[in-house]
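Visitor: Provided herewith is a single structure, encoded as structure tokens, for subsequent inquiry.
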Amino acid sequence: MNRVLTVDDLVLAGIALAAGLLVAFLSRGMLRWLARHAKRTRWSGDDVIVDALRTVLPWAALAGGAAAAAAVLPLTRTVQHHTDQCLKVLLIFAVTVSAARVVAGLVQSVTQSRSGVAGSATIFVNITRVLVLAIGFLVMLQTLGISIAPLLTALGVGGLAVALALQDTLANLFAGIHILASKTVQPGDYIQLSSGEEGYVVDINWRQTTVRQLANNLVVIPNGQLAKTNMTNYTRPEEQLTVLVQVGVGYDSDLDHVERVTHEVIAETMTGITGAVPDHEPAIRFHTFGDSRIGFTVILGVGEFSDQFRIKHEFIKRLHRRYREEGIRIPAPARTVALQQGAVVIPQQRSPEDAMAKPD
């Protein structure tokens, strides 16, 4: 336009900008109200969508007001073109960031619902976010009139060099995808590696798997190493497992009486301790004639891996107290003491209690 700028043009431009600001303010207030209602629903996806709209709608309103103001002003064709380009880039950027947030949030919601409450597999979230941002960047370049064909060609040619330079990184990336896709390990599982590391899987991202030990320390394991090592998963195929407690009684004990008393202690422990599985059928199996005792194994059911320590603790305390009340003896281990008399060595079997006594 070649006409002269007038006061009416400034007034109309100001009204357009004010309208854009008003719409942005009202939209934020409305979306804040929607966010409070979205938190009351069970589905977490609506929270993600509303949070993303709180970013894109105000910026879209501001861009619309600025575009309307530029349209009523007598700008030259070049200035008008550059203004429109800048506003388009701003709007595409806001939409891209919001779309990346929405898609990544929905992917995270799905992974958490399938992996358990503690699950947080960020590898899929990060890949999704990068893909959406990359698409938005290409659209932005195309809007500015920059051809993306040479860029895609350069990326294809340079991809081989990048792949060779990032062999370990790409190996960990695809190993993490394979681990999650095969569902051998999921966030929230308790695993133990052949190298000795064990704990709860906290997160599996594009490079590494984070494991939280029972001592609350974090162990970081590269995905490639995790995929190649021997591993025991104590959560799959089911979270409940059995634990073995080794017990021994004296040869003078009535084994039927021992079995009956032990079953009573097991029933008391299974119904009174958190984490136990009362429906699990316990078992007692005598297996060894030892040097000083008859050994047997008690098989208990626990809800998940970390529960076994508390249940074993309570079971051993209650079993020891009950054995003392019933007169069932748990013999101390015997040891061999060699007494030398002249040139003759006479081996004797002595218990720890006899070894503590003073000689005559």
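Residues are named by chain letter and number: chains run A, B, ... in the order of the structure tokens, numbers start at 1 in each chain, and ligands are numbered from 1 in the order shown.
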Once DSSP has gone over the backbone, tell me which residues of region 173-263 of chain A are in strand (DSSP E), as a PyMOL selection string.
Guide: chain A and resi 190-193+198-204+208-212+218-222+231-233+241-249
Visitor: I'd like the contact shell of Gln246 (chain A) - 7 Å cut-off, only C-alpha atoms, skipping same-chain residues fewer than 2 positions apart - returned as number ranges by chain.
Guide: A: 244, 296-298
